[in-house]
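The structure appears right after this line, and notes come after that.
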Amino acid sequence: MVFRSVYRLNRSGFTAVELLVVIAIVGVMVLVSLPTLIGYMRAATAKAAAEELAAGINRGRQLAISQNQLVCVQILGNQYRYLLGGCAGPIWLGPGSGAGGFFTLANNITLATNTNPVFSNLGAAPTAANLTVTTNYPSGNITRTVVVAASGRVQIQ
């Protein structure tokens with residue numbers, strides 16, 4: 001004589017209907033969450049690019065303090081570089097810089113500025129600067145602004 005509880009334990013696996021229901025539920029969850037995930041990734045890309053640029057500008061400020069001279073952070077396209085002694089001075093070549101002293105941001109990033117930030121030997125910026133970081137996507141652009149205050153403080157807005 002076989003008990004019913006033992007009989008149930010001997011059944012193994014899932015039916016095809018159960019598997020199809022689980023696959024359908026997972027598929028619906030993926031389709032519902034996909035637009036949110038894509039939007040988050042785009043916003044995160046813009047934020048990361050702005051943080052990378054802010055770190056590069058802060059590096060220019062630290063370079064001005066350590067070299068005890070003016071340092072200009074020149075912005076061109078999706079690249080930036082440091083010029084010693086002001087915006088007409090010689091190019092600073094150092095670790096991480098490529099040809100021509102340029103540091104390059106990620107792809108699909110465009111930089112724009114009202115003026116190149118210049119830092120004094122004390123770390124202050126005689127003129128404030130606003131730098132716009134734009135990520136370019138076919139469905140629309142996402143923009144972040146990096147602000148350099150006259151005190152030399154760099155922040156993302």
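For the structure tokens, the naming scheme is as follows: chains receive sequential letters (A, B, ...) according to their order of presentation, residues are indexed from 1 within each chain, and ligands are indexed from 1 in presentation order.
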
A:Val133 surroundings by only C-alpha atoms, 8 Å radius, close-in-sequence under 4 positions cut, as an MDAnalysis selection string: chainID A and resid 46 49:50 109:112 143:146

Pull N, CA and C atoms from the residues just selected and write them as a PDB file, in the first residue's frame.
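Result written to result35.pdb:
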```pdb
ATOM      1  N   ALA A  46      24.914  60.912 -18.389  1.00  0.00           N
ATOM      2  CA  ALA A  46      25.085  62.365 -18.320  1.00  0.00           C
ATOM      3  C   ALA A  46      25.701  62.779 -16.990  1.00  0.00           C
ATOM      4  N   ALA A  49      29.431  61.832 -16.930  1.00  0.00           N
ATOM      5  CA  ALA A  49      30.241  62.736 -17.749  1.00  0.00           C
ATOM      6  C   ALA A  49      30.446  64.072 -17.040  1.00  0.00           C
ATOM      7  N   ALA A  50      29.395  64.583 -16.397  1.00  0.00           N
ATOM      8  CA  ALA A  50      29.525  65.843 -15.665  1.00  0.00           C
ATOM      9  C   ALA A  50      30.483  65.692 -14.486  1.00  0.00           C
ATOM     10  N   ILE A 109      29.227  62.633 -26.115  1.00  0.00           N
ATOM     11  CA  ILE A 109      29.222  63.737 -25.159  1.00  0.00           C
ATOM     12  C   ILE A 109      29.714  64.987 -25.875  1.00  0.00           C
ATOM     13  N   THR A 110      28.994  66.087 -25.700  1.00  0.00           N
ATOM     14  CA  THR A 110      29.401  67.368 -26.263  1.00  0.00           C
ATOM     15  C   THR A 110      29.579  68.359 -25.125  1.00  0.00           C
ATOM     16  N   LEU A 111      30.668  69.101 -25.152  1.00  0.00           N
ATOM     17  CA  LEU A 111      30.936  70.121 -24.142  1.00  0.00           C
ATOM     18  C   LEU A 111      30.795  71.502 -24.763  1.00  0.00           C
ATOM     19  N   ALA A 112      30.223  72.412 -24.012  1.00  0.00           N
ATOM     20  CA  ALA A 112      30.118  73.805 -24.439  1.00  0.00           C
ATOM     21  C   ALA A 112      30.377  74.677 -23.218  1.00  0.00           C
ATOM     22  N   THR A 143      21.138  67.145 -20.527  1.00  0.00           N
ATOM     23  CA  THR A 143      22.136  68.176 -20.270  1.00  0.00           C
ATOM     24  C   THR A 143      22.374  68.338 -18.771  1.00  0.00           C
ATOM     25  N   ARG A 144      23.630  68.500 -18.400  1.00  0.00           N
ATOM     26  CA  ARG A 144      24.038  68.833 -17.037  1.00  0.00           C
ATOM     27  C   ARG A 144      24.979  70.036 -17.136  1.00  0.00           C
ATOM     28  N   THR A 145      24.976  70.871 -16.117  1.00  0.00           N
ATOM     29  CA  THR A 145      25.813  72.066 -16.111  1.00  0.00           C
ATOM     30  C   THR A 145      26.839  71.972 -14.988  1.00  0.00           C
ATOM     31  N   VAL A 146      28.087  72.227 -15.336  1.00  0.00           N
ATOM     32  CA  VAL A 146      29.171  72.293 -14.357  1.00  0.00           C
ATOM     33  C   VAL A 146      29.505  73.775 -14.184  1.00  0.00           C
TER      34      VAL A 146
END
```

Distance criterion (only C-alpha atoms): nearest to A:Gln157 out of A:Ala54, A:Ala106, A:Leu34, A:Ala88: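 Among the listed residues, the smallest separation from A:Gln157 belongs to A:Ala54.
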
Excluding A:Tyr80 and any residue of its chain fewer than 3 positions from it, enumerate the residues within 7 Å of it, using only C-alpha atoms, and give them as a PyMOL selection string. chain A and resi 73-76+102-104

Please return as a ChimeraX atom specification: the residues of chain A that backbone DSSP assigns to strand (DSSP E or B). /A:71-76,79-84,91,103-104,109-113,118-119,129-135,142-148,154-156

Write out as a PyMOL selection string all residues of stretch 24-109 of chain A that DSSP puts in alpha helix (DSSP H) for this structure's backbone. chain A and resi 24-67

Go through A:Ser139, A:Arg61, A:Thr134, A:Gln69 one by one, measure the shortest atom-to-atom distance of each to A:Ser151 using only C-alpha atoms, and give the residue with the smallest value. A:Arg61

May I ask which of the residues A:Val148, A:Leu84, A:Ile23, A:Leu53 is the closest one to A:Ile65, counting only C-alpha atoms? A:Leu84

At what distance in Å, to one decimal, does atom CA of A:Gly152 lie from atom CA of A:Ala99?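 Here the two named atoms are 27.4 Å from each other.
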
Could you pull the residues within 9 Å of A:Ile91, counting only C-alpha atoms, minus those fewer than 4 positions along the same chain, as an MDAnalysis selection string? chainID A and resid 81:84 100:101
